[in-house]
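J.: Data: run02.pdb, PDB, C-alpha atoms, pLDDT in the B column.
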```
ATOM      1  CA  MET D   1     431.351 222.402  57.392  1.00 48.00           C
ATOM      2  CA  ARG D   2     427.702 222.556  56.549  1.00 54.00           C
ATOM      3  CA  ASP D   3     426.541 222.022  53.022  1.00 51.00           C
ATOM      4  CA  GLU D   4     422.813 222.219  53.490  1.00 70.00           C
ATOM      5  CA  LEU D   5     420.661 225.025  54.756  1.00 77.00           C
ATOM      6  CA  PRO D   6     417.940 224.076  57.204  1.00 84.00           C
ATOM      7  CA  LYS D   7     414.509 223.828  55.697  1.00 88.00           C
ATOM      8  CA  PRO D   8     411.499 225.856  56.813  1.00 93.00           C
ATOM      9  CA  ILE D   9     409.372 224.182  59.491  1.00 93.00           C
ATOM     10  CA  GLU D  10     405.600 224.154  59.181  1.00 96.00           C
ATOM     11  CA  LEU D  11     403.885 225.247  62.381  1.00 97.00           C
ATOM     12  CA  ASP D  12     400.406 224.103  63.429  1.00 97.00           C
ATOM     13  CA  GLY D  13     398.216 227.190  63.220  1.00 97.00           C
ATOM     14  CA  GLU D  14     395.598 225.862  65.641  1.00 97.00           C
ATOM     15  CA  MET D  15     398.257 225.058  68.211  1.00 97.00           C
ATOM     16  CA  LEU D  16     399.868 228.478  67.775  1.00 98.00           C
ATOM     17  CA  GLU D  17     396.549 230.079  68.740  1.00 98.00           C
ATOM     18  CA  LYS D  18     396.394 228.033  71.924  1.00 98.00           C
ATOM     19  CA  LEU D  19     399.788 229.235  73.137  1.00 98.00           C
ATOM     20  CA  SER D  20     399.632 231.307  76.297  1.00 98.00           C
ATOM     21  CA  TYR D  21     402.479 233.809  76.610  1.00 98.00           C
ATOM     22  CA  GLY D  22     403.630 235.072  79.980  1.00 96.00           C
ATOM     23  CA  PRO D  23     405.142 238.339  81.255  1.00 94.00           C
ATOM     24  CA  GLY D  24     406.303 240.561  78.402  1.00 95.00           C
ATOM     25  CA  GLY D  25     404.428 238.405  75.896  1.00 97.00           C
ATOM     26  CA  LEU D  26     407.157 235.762  76.193  1.00 98.00           C
ATOM     27  CA  MET D  27     407.356 232.108  77.112  1.00 98.00           C
ATOM     28  CA  PRO D  28     410.382 229.986  77.991  1.00 98.00           C
ATOM     29  CA  ALA D  29     411.645 227.492  75.443  1.00 98.00           C
ATOM     30  CA  VAL D  30     413.775 224.554  76.563  1.00 98.00           C
ATOM     31  CA  VAL D  31     416.185 223.633  73.782  1.00 98.00           C
ATOM     32  CA  VAL D  32     417.236 219.971  73.672  1.00 98.00           C
ATOM     33  CA  ASP D  33     419.447 218.057  71.277  1.00 98.00           C
ATOM     34  CA  GLU D  34     418.523 214.940  69.330  1.00 97.00           C
ATOM     35  CA  ALA D  35     419.337 212.743  72.341  1.00 96.00           C
ATOM     36  CA  GLY D  36     417.138 214.875  74.594  1.00 96.00           C
ATOM     37  CA  GLU D  37     419.982 216.588  76.477  1.00 97.00           C
ATOM     38  CA  ILE D  38     419.044 220.068  77.654  1.00 98.00           C
ATOM     39  CA  LEU D  39     421.213 222.685  75.957  1.00 98.00           C
ATOM     40  CA  MET D  40     419.725 226.016  77.034  1.00 98.00           C
ATOM     41  CA  VAL D  41     416.556 227.894  77.937  1.00 98.00           C
ATOM     42  CA  ALA D  42     415.624 231.101  76.123  1.00 98.00           C
ATOM     43  CA  TYR D  43     412.466 233.102  75.464  1.00 98.00           C
ATOM     44  CA  VAL D  44     410.185 233.305  72.449  1.00 98.00           C
ATOM     45  CA  ASP D  45     407.166 235.257  71.350  1.00 98.00           C
ATOM     46  CA  ALA D  46     404.934 234.762  68.320  1.00 98.00           C
ATOM     47  CA  GLU D  47     407.358 236.622  66.049  1.00 98.00           C
ATOM     48  CA  ALA D  48     410.351 234.520  67.165  1.00 98.00           C
ATOM     49  CA  LEU D  49     408.280 231.415  66.418  1.00 98.00           C
ATOM     50  CA  ARG D  50     407.376 232.795  62.984  1.00 98.00           C
ATOM     51  CA  ARG D  51     411.080 233.365  62.261  1.00 98.00           C
ATOM     52  CA  MET D  52     411.892 229.825  63.457  1.00 97.00           C
ATOM     53  CA  GLY D  53     409.304 228.374  61.120  1.00 97.00           C
ATOM     54  CA  GLU D  54     410.487 230.459  58.188  1.00 97.00           C
ATOM     55  CA  SER D  55     414.226 229.810  58.664  1.00 97.00           C
ATOM     56  CA  GLY D  56     414.197 226.326  60.195  1.00 97.00           C
ATOM     57  CA  ARG D  57     416.647 227.629  62.819  1.00 97.00           C
ATOM     58  CA  THR D  58     416.154 228.790  66.395  1.00 98.00           C
ATOM     59  CA  TRP D  59     415.239 232.423  66.986  1.00 98.00           C
ATOM     60  CA  PHE D  60     414.646 233.946  70.420  1.00 98.00           C
ATOM     61  CA  TYR D  61     413.825 237.257  72.048  1.00 98.00           C
ATOM     62  CA  SER D  62     416.407 238.705  74.425  1.00 97.00           C
ATOM     63  CA  ARG D  63     414.770 240.166  77.546  1.00 95.00           C
ATOM     64  CA  SER D  64     417.914 242.157  78.389  1.00 95.00           C
ATOM     65  CA  ARG D  65     418.744 243.494  74.926  1.00 96.00           C
ATOM     66  CA  LYS D  66     415.083 243.734  73.903  1.00 97.00           C
ATOM     67  CA  GLU D  67     415.709 242.338  70.438  1.00 98.00           C
ATOM     68  CA  TYR D  68     415.330 239.187  68.419  1.00 98.00           C
ATOM     69  CA  TRP D  69     418.390 237.034  68.002  1.00 98.00           C
ATOM     70  CA  ALA D  70     419.196 233.995  65.911  1.00 98.00           C
ATOM     71  CA  LYS D  71     421.159 231.372  67.826  1.00 98.00           C
ATOM     72  CA  GLY D  72     424.657 231.139  66.347  1.00 96.00           C
ATOM     73  CA  GLU D  73     424.507 234.416  64.440  1.00 94.00           C
ATOM     74  CA  THR D  74     427.841 235.440  65.990  1.00 92.00           C
ATOM     75  CA  SER D  75     429.313 232.079  67.094  1.00 94.00           C
ATOM     76  CA  GLY D  76     428.236 230.071  64.069  1.00 95.00           C
ATOM     77  CA  ASN D  77     426.859 227.452  66.459  1.00 97.00           C
ATOM     78  CA  THR D  78     423.426 227.391  64.853  1.00 97.00           C
ATOM     79  CA  GLN D  79     420.559 225.061  65.728  1.00 98.00           C
ATOM     80  CA  ASP D  80     418.324 223.431  63.101  1.00 97.00           C
ATOM     81  CA  VAL D  81     414.797 223.011  64.421  1.00 97.00           C
ATOM     82  CA  LEU D  82     413.624 219.394  64.290  1.00 97.00           C
ATOM     83  CA  ALA D  83     410.402 219.616  66.285  1.00 97.00           C
ATOM     84  CA  ILE D  84     408.600 221.856  68.769  1.00 98.00           C
ATOM     85  CA  LEU D  85     406.324 220.625  71.555  1.00 98.00           C
ATOM     86  CA  THR D  86     404.235 222.506  74.081  1.00 98.00           C
ATOM     87  CA  ASP D  87     402.942 221.400  77.460  1.00 98.00           C
ATOM     88  CA  CYS D  88     399.534 220.852  79.038  1.00 97.00           C
ATOM     89  CA  ASP D  89     399.221 224.559  79.895  1.00 97.00           C
ATOM     90  CA  PHE D  90     400.476 225.722  76.470  1.00 98.00           C
ATOM     91  CA  ASP D  91     402.817 228.137  78.226  1.00 98.00           C
ATOM     92  CA  THR D  92     406.236 226.516  77.670  1.00 98.00           C
ATOM     93  CA  LEU D  93     407.982 225.013  74.650  1.00 98.00           C
ATOM     94  CA  VAL D  94     410.472 222.218  74.165  1.00 98.00           C
ATOM     95  CA  ILE D  95     412.438 222.709  70.947  1.00 98.00           C
ATOM     96  CA  ARG D  96     414.350 219.714  69.625  1.00 98.00           C
ATOM     97  CA  VAL D  97     417.322 220.784  67.525  1.00 98.00           C
ATOM     98  CA  ARG D  98     420.377 219.619  65.693  1.00 97.00           C
ATOM     99  CA  GLN D  99     423.173 221.591  67.353  1.00 98.00           C
ATOM    100  CA  HIS D 100     426.031 222.716  65.110  1.00 97.00           C
ATOM    101  CA  GLY D 101     429.522 223.649  66.271  1.00 96.00           C
ATOM    102  CA  ALA D 102     430.972 223.193  69.732  1.00 95.00           C
ATOM    103  CA  GLY D 103     427.734 223.620  71.616  1.00 96.00           C
ATOM    104  CA  ALA D 104     424.969 225.928  72.739  1.00 97.00           C
ATOM    105  CA  CYS D 105     426.639 227.928  75.497  1.00 97.00           C
ATOM    106  CA  HIS D 106     428.473 231.213  75.024  1.00 93.00           C
ATOM    107  CA  THR D 107     431.039 229.937  77.568  1.00 94.00           C
ATOM    108  CA  GLY D 108     432.077 227.219  75.126  1.00 94.00           C
ATOM    109  CA  SER D 109     430.250 224.434  76.967  1.00 97.00           C
ATOM    110  CA  TYR D 110     427.985 222.092  75.062  1.00 97.00           C
ATOM    111  CA  SER D 111     425.135 222.798  77.509  1.00 98.00           C
ATOM    112  CA  CYS D 112     424.497 225.973  79.493  1.00 98.00           C
ATOM    113  CA  PHE D 113     423.566 223.930  82.588  1.00 98.00           C
ATOM    114  CA  THR D 114     426.908 223.249  84.238  1.00 97.00           C
ATOM    115  CA  ASN D 115     426.585 224.895  87.679  1.00 97.00           C
ATOM    116  CA  PRO D 116     425.438 222.707  90.578  1.00 97.00           C
ATOM    117  CA  VAL D 117     423.162 224.367  93.140  1.00 98.00           C
ATOM    118  CA  THR D 118     423.001 221.235  95.289  1.00 96.00           C
ATOM    119  CA  LEU D 119     425.881 219.883  97.328  1.00 94.00           C
ATOM    120  CA  GLY D 120     426.362 216.127  97.359  1.00 76.00           C
ATOM    121  CA  GLY D 121     423.058 214.491  96.512  1.00 53.00           C
ATOM    122  CA  ALA D 122     421.210 213.221  99.549  1.00 50.00           C
ATOM    123  CA  ASN D 123     418.578 211.243  97.629  1.00 60.00           C
ATOM    124  CA  ALA D 124     420.946 209.957  94.954  1.00 51.00           C
ATOM    125  CA  GLY D 125     421.802 206.705  96.677  1.00 46.00           C
ATOM    126  CA  LYS D 126     418.302 205.709  97.728  1.00 43.00           C
TER     127      LYS D 126
ATOM    128  CA  MET V   1     404.279 202.090  97.929  1.00 48.00           C
ATOM    129  CA  ARG V   2     406.986 204.262  99.338  1.00 53.00           C
ATOM    130  CA  ASP V   3     408.708 203.300 102.531  1.00 51.00           C
ATOM    131  CA  GLU V   4     411.298 206.034 102.747  1.00 69.00           C
ATOM    132  CA  LEU V   5     410.869 209.741 103.022  1.00 77.00           C
ATOM    133  CA  PRO V   6     413.145 211.836 100.831  1.00 83.00           C
ATOM    134  CA  LYS V   7     416.083 213.336 102.617  1.00 88.00           C
ATOM    135  CA  PRO V   8     416.810 217.046 102.874  1.00 93.00           C
ATOM    136  CA  ILE V   9     419.059 218.396 100.116  1.00 93.00           C
ATOM    137  CA  GLU V  10     421.915 220.722 100.968  1.00 95.00           C
ATOM    138  CA  LEU V  11     421.972 223.810  98.769  1.00 97.00           C
ATOM    139  CA  ASP V  12     425.136 225.742  97.914  1.00 97.00           C
ATOM    140  CA  GLY V  13     424.758 229.106  99.643  1.00 97.00           C
ATOM    141  CA  GLU V  14     427.182 230.910  97.335  1.00 97.00           C
ATOM    142  CA  MET V  15     425.349 229.650  94.284  1.00 97.00           C
ATOM    143  CA  LEU V  16     421.981 230.640  95.776  1.00 98.00           C
ATOM    144  CA  GLU V  17     423.230 234.224  96.039  1.00 98.00           C
ATOM    145  CA  LYS V  18     424.191 234.242  92.363  1.00 98.00           C
ATOM    146  CA  LEU V  19     420.710 233.267  91.211  1.00 98.00           C
ATOM    147  CA  SER V  20     418.976 235.947  89.177  1.00 98.00           C
ATOM    148  CA  TYR V  21     415.186 235.820  89.438  1.00 98.00           C
ATOM    149  CA  GLY V  22     412.966 237.197  86.693  1.00 96.00           C
ATOM    150  CA  PRO V  23     409.503 238.808  86.581  1.00 94.00           C
ATOM    151  CA  GLY V  24     407.648 238.369  89.868  1.00 95.00           C
ATOM    152  CA  GLY V  25     410.832 237.230  91.590  1.00 97.00           C
ATOM    153  CA  LEU V  26     410.507 233.850  89.857  1.00 98.00           C
ATOM    154  CA  MET V  27     412.613 231.723  87.557  1.00 98.00           C
ATOM    155  CA  PRO V  28     411.638 228.719  85.460  1.00 98.00           C
ATOM    156  CA  ALA V  29     412.730 225.271  86.593  1.00 98.00           C
ATOM    157  CA  VAL V  30     412.907 222.421  84.100  1.00 98.00           C
ATOM    158  CA  VAL V  31     412.166 219.156  85.883  1.00 98.00           C
ATOM    159  CA  VAL V  32     413.802 216.063  84.387  1.00 98.00           C
ATOM    160  CA  ASP V  33     413.793 212.429  85.467  1.00 98.00           C
ATOM    161  CA  GLU V  34     416.823 210.273  86.163  1.00 97.00           C
ATOM    162  CA  ALA V  35     417.202 209.484  82.454  1.00 96.00           C
ATOM    163  CA  GLY V  36     417.067 213.194  81.594  1.00 96.00           C
ATOM    164  CA  GLU V  37     413.559 213.159  80.103  1.00 97.00           C
ATOM    165  CA  ILE V  38     411.778 216.494  80.536  1.00 98.00           C
ATOM    166  CA  LEU V  39     408.727 216.100  82.752  1.00 98.00           C
ATOM    167  CA  MET V  40     407.472 219.652  83.313  1.00 98.00           C
ATOM    168  CA  VAL V  41     408.447 223.284  83.730  1.00 98.00           C
ATOM    169  CA  ALA V  42     407.321 225.264  86.770  1.00 98.00           C
ATOM    170  CA  TYR V  43     408.437 228.367  88.652  1.00 98.00           C
ATOM    171  CA  VAL V  44     410.464 228.821  91.807  1.00 98.00           C
ATOM    172  CA  ASP V  45     411.589 231.640  94.044  1.00 98.00           C
ATOM    173  CA  ALA V  46     414.030 231.599  96.948  1.00 98.00           C
ATOM    174  CA  GLU V  47     411.371 230.314  99.358  1.00 98.00           C
ATOM    175  CA  ALA V  48     410.371 227.438  97.057  1.00 98.00           C
ATOM    176  CA  LEU V  49     414.057 226.496  96.843  1.00 98.00           C
ATOM    177  CA  ARG V  50     414.333 226.638 100.629  1.00 98.00           C
ATOM    178  CA  ARG V  51     411.348 224.287 100.939  1.00 98.00           C
ATOM    179  CA  MET V  52     412.889 221.953  98.342  1.00 97.00           C
ATOM    180  CA  GLY V  53     416.103 221.791 100.304  1.00 97.00           C
ATOM    181  CA  GLU V  54     414.307 221.211 103.594  1.00 97.00           C
ATOM    182  CA  SER V  55     411.909 218.533 102.327  1.00 97.00           C
ATOM    183  CA  GLY V  56     413.971 216.911  99.563  1.00 97.00           C
ATOM    184  CA  ARG V  57     410.899 217.164  97.322  1.00 97.00           C
ATOM    185  CA  THR V  58     409.939 219.627  94.603  1.00 98.00           C
ATOM    186  CA  TRP V  59     408.148 222.792  95.634  1.00 98.00           C
ATOM    187  CA  PHE V  60     407.058 225.510  93.217  1.00 98.00           C
ATOM    188  CA  TYR V  61     405.240 228.834  93.159  1.00 98.00           C
ATOM    189  CA  SER V  62     402.028 229.012  91.154  1.00 97.00           C
ATOM    190  CA  ARG V  63     401.777 232.239  89.154  1.00 95.00           C
ATOM    191  CA  SER V  64     398.022 231.786  88.675  1.00 95.00           C
ATOM    192  CA  ARG V  65     397.078 230.758  92.220  1.00 96.00           C
ATOM    193  CA  LYS V  66     399.784 232.921  93.804  1.00 97.00           C
ATOM    194  CA  GLU V  67     400.769 230.267  96.290  1.00 98.00           C
ATOM    195  CA  TYR V  68     403.439 227.676  96.967  1.00 98.00           C
ATOM    196  CA  TRP V  69     402.641 224.113  96.004  1.00 98.00           C
ATOM    197  CA  ALA V  70     404.365 220.806  96.607  1.00 98.00           C
ATOM    198  CA  LYS V  71     404.330 218.572  93.548  1.00 98.00           C
ATOM    199  CA  GLY V  72     402.138 215.551  94.265  1.00 96.00           C
ATOM    200  CA  GLU V  73     400.388 217.030  97.284  1.00 94.00           C
ATOM    201  CA  THR V  74     397.012 216.118  95.753  1.00 92.00           C
ATOM    202  CA  SER V  75     397.953 213.409  93.219  1.00 94.00           C
ATOM    203  CA  GLY V  76     400.542 211.636  95.340  1.00 95.00           C
ATOM    204  CA  ASN V  77     402.911 211.777  92.371  1.00 97.00           C
ATOM    205  CA  THR V  78     405.722 213.363  94.338  1.00 97.00           C
ATOM    206  CA  GLN V  79     409.242 214.062  93.074  1.00 98.00           C
ATOM    207  CA  ASP V  80     412.370 213.455  95.168  1.00 97.00           C
ATOM    208  CA  VAL V  81     415.048 216.009  94.355  1.00 97.00           C
ATOM    209  CA  LEU V  82     418.312 214.392  93.241  1.00 96.00           C
ATOM    210  CA  ALA V  83     420.233 217.426  92.026  1.00 97.00           C
ATOM    211  CA  ILE V  84     419.711 221.020  90.923  1.00 98.00           C
ATOM    212  CA  LEU V  85     421.765 222.812  88.268  1.00 98.00           C
ATOM    213  CA  THR V  86     421.685 226.383  87.033  1.00 98.00           C
ATOM    214  CA  ASP V  87     422.841 227.814  83.728  1.00 98.00           C
ATOM    215  CA  CYS V  88     425.477 230.319  82.620  1.00 97.00           C
ATOM    216  CA  ASP V  89     423.139 233.264  83.346  1.00 97.00           C
ATOM    217  CA  PHE V  90     421.989 231.863  86.699  1.00 98.00           C
ATOM    218  CA  ASP V  91     418.392 232.568  85.693  1.00 98.00           C
ATOM    219  CA  THR V  92     417.017 229.070  85.033  1.00 98.00           C
ATOM    220  CA  LEU V  93     417.188 225.769  86.909  1.00 98.00           C
ATOM    221  CA  VAL V  94     417.252 222.145  85.882  1.00 98.00           C
ATOM    222  CA  ILE V  95     415.969 219.926  88.683  1.00 98.00           C
ATOM    223  CA  ARG V  96     416.729 216.214  88.414  1.00 98.00           C
ATOM    224  CA  VAL V  97     414.157 214.139  90.267  1.00 98.00           C
ATOM    225  CA  ARG V  98     412.952 210.655  91.006  1.00 97.00           C
ATOM    226  CA  GLN V  99     409.333 210.759  89.832  1.00 98.00           C
ATOM    227  CA  HIS V 100     406.827 208.732  91.871  1.00 97.00           C
ATOM    228  CA  GLY V 101     403.449 207.503  90.646  1.00 96.00           C
ATOM    229  CA  ALA V 102     402.143 207.608  87.084  1.00 95.00           C
ATOM    230  CA  GLY V 103     403.966 210.752  86.061  1.00 96.00           C
ATOM    231  CA  ALA V 104     404.318 214.476  86.371  1.00 97.00           C
ATOM    232  CA  CYS V 105     401.345 215.753  84.389  1.00 97.00           C
ATOM    233  CA  HIS V 106     397.920 216.495  85.824  1.00 93.00           C
ATOM    234  CA  THR V 107     396.462 214.990  82.615  1.00 94.00           C
ATOM    235  CA  GLY V 108     397.848 211.592  83.600  1.00 94.00           C
ATOM    236  CA  SER V 109     400.733 211.699  81.128  1.00 97.00           C
ATOM    237  CA  TYR V 110     404.240 210.940  82.288  1.00 97.00           C
ATOM    238  CA  SER V 111     405.511 214.209  80.788  1.00 98.00           C
ATOM    239  CA  CYS V 112     403.594 217.454  80.329  1.00 98.00           C
ATOM    240  CA  PHE V 113     405.140 217.952  76.870  1.00 98.00           C
ATOM    241  CA  THR V 114     402.857 215.967  74.578  1.00 97.00           C
ATOM    242  CA  ASN V 115     401.492 218.586  72.160  1.00 97.00           C
ATOM    243  CA  PRO V 116     403.324 219.045  68.838  1.00 97.00           C
ATOM    244  CA  VAL V 117     403.515 222.620  67.535  1.00 98.00           C
ATOM    245  CA  THR V 118     405.339 221.546  64.373  1.00 96.00           C
ATOM    246  CA  LEU V 119     403.775 219.590  61.534  1.00 94.00           C
ATOM    247  CA  GLY V 120     405.865 216.853  59.980  1.00 76.00           C
ATOM    248  CA  GLY V 121     409.510 217.648  60.637  1.00 54.00           C
ATOM    249  CA  ALA V 122     411.208 219.245  57.666  1.00 50.00           C
ATOM    250  CA  ASN V 123     414.754 218.919  59.010  1.00 60.00           C
ATOM    251  CA  ALA V 124     414.265 215.481  60.547  1.00 51.00           C
ATOM    252  CA  GLY V 125     415.483 213.513  57.563  1.00 46.00           C
ATOM    253  CA  LYS V 126     418.584 215.539  56.790  1.00 43.00           C
TER     254      LYS V 126
END
```
Could I get this structure in the form of structure tokens?
T.:
Amino acid sequence: MRDELPKPIELDGEMLEKLSYGPGGLMPAVVVDEAGEILMVAYVDAEALRRMGESGRTWFYSRSRKEYWAKGETSGNTQDVLAILTDCDFDTLVIRVRQHGAGACHTGSYSCFTNPVTLGGANAGK
Amino acid sequence: MRDELPKPIELDGEMLEKLSYGPGGLMPAVVVDEAGEILMVAYVDAEALRRMGESGRTWFYSRSRKEYWAKGETSGNTQDVLAILTDCDFDTLVIRVRQHGAGACHTGSYSCFTNPVTLGGANAGK
């Protein structure tokens, strides 16, 4: 069980102004755990980022439901935000989190990325 | 110097048909190295995936230039494709690569994700 609430995260105002949102005013955010393992990818806009800063937990915008959602609001598998990075084009985020509960995926998996698109691995043994 | 060309990668046809592309017929692809470190995020469509399979190297579609591009075609910092995964929604890829040269970023950095959006790290010490 969790005893502590996550703390608010202070965002860098100058960096926020540099961010370049894509279609629908959204950009993808790659969520990784403390070890750097990729958990999921979801979308954020400026308001989702504001909510993340304020709550210290991950908030996203659902393109299908057209609404904001807090990760874990139904499952309890919340994510405390540890750090947010952006890339050289300022159009993608990496969000480092502390994952609570069984994992990030609604299927019950720890990571959402469990489906191989490649067969074998032709360059793996090089 | 590189002596070997990357080998073609066989893609899973059934999985390819499940993929759900987003705005512009594109989906984001998170490129990670063999240790799982995130190098960059770029966009792919079915044709970019076909070229990746055929060449064994990463190919993307540039939303700004509206053209296909092979990673490293100007810098020489090519990426051999080792494996491709998709997530529970089939709308994002993780591409595991062997990165050649200095790194993935056009700035000269190994990773494109070098810019902090968060100040300090309020939850880091919990």
J.: Hey, what comes out of the ChimeraX specification (/V :<8) & /D on this file? Could you write it as JSON, numbers by chain?
T.: {"D": [6, 7, 8, 9, 10, 11, 12, 15, 16, 23, 28, 30, 36, 37, 40, 41, 56, 80, 81, 82, 83, 84, 85, 86, 87, 88, 92, 93, 94, 105, 107, 112, 113, 114, 115, 116, 117, 118, 119, 120, 121, 122, 123, 124]}
J.: What is the atom CA of Arg51 of chain D to atom CA of Lys66 of chain D distance in Å?
T.: 16.1 Å
J.: Go ahead and compute the interatomic distance for atom CA of Gln99 of chain D and atom CA of Tyr43 of chain V, in Å to one decimal.
T.: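 Computing it gives 26.8 Å between the two atoms.
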J.: Suppose a student applies the PyMOL selection byres ((chain D and resi 58) around 6) to this structure; what residues should they get, written as a list in words?
T.: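 This file gives the following for the PyMOL selection byres ((chain D and resi 58) around 6): Met52, Arg57, Trp59, Lys71 and Gln79 of chain D.
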J.: Calculate how many Å separate atom CA of Val31 of chain V from atom CA of Ala102 of chain V, rounding to one decimal.
T.: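 Straight-line distance from atom CA of Val31 of chain V to atom CA of Ala102 of chain V works out to 15.3 Å.
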J.: Build an axis-aligned box that encloses every atom of segment 8-18 of chain V listed in the file, pad it by 8 Å on each side, and report its centre and edge lengths in Å to one decimal, as JSON.
T.:
```
{"center_x": 422.0, "center_y": 225.6, "center_z": 97.6, "size_x": 26.4, "size_y": 33.2, "size_z": 26.5}
```
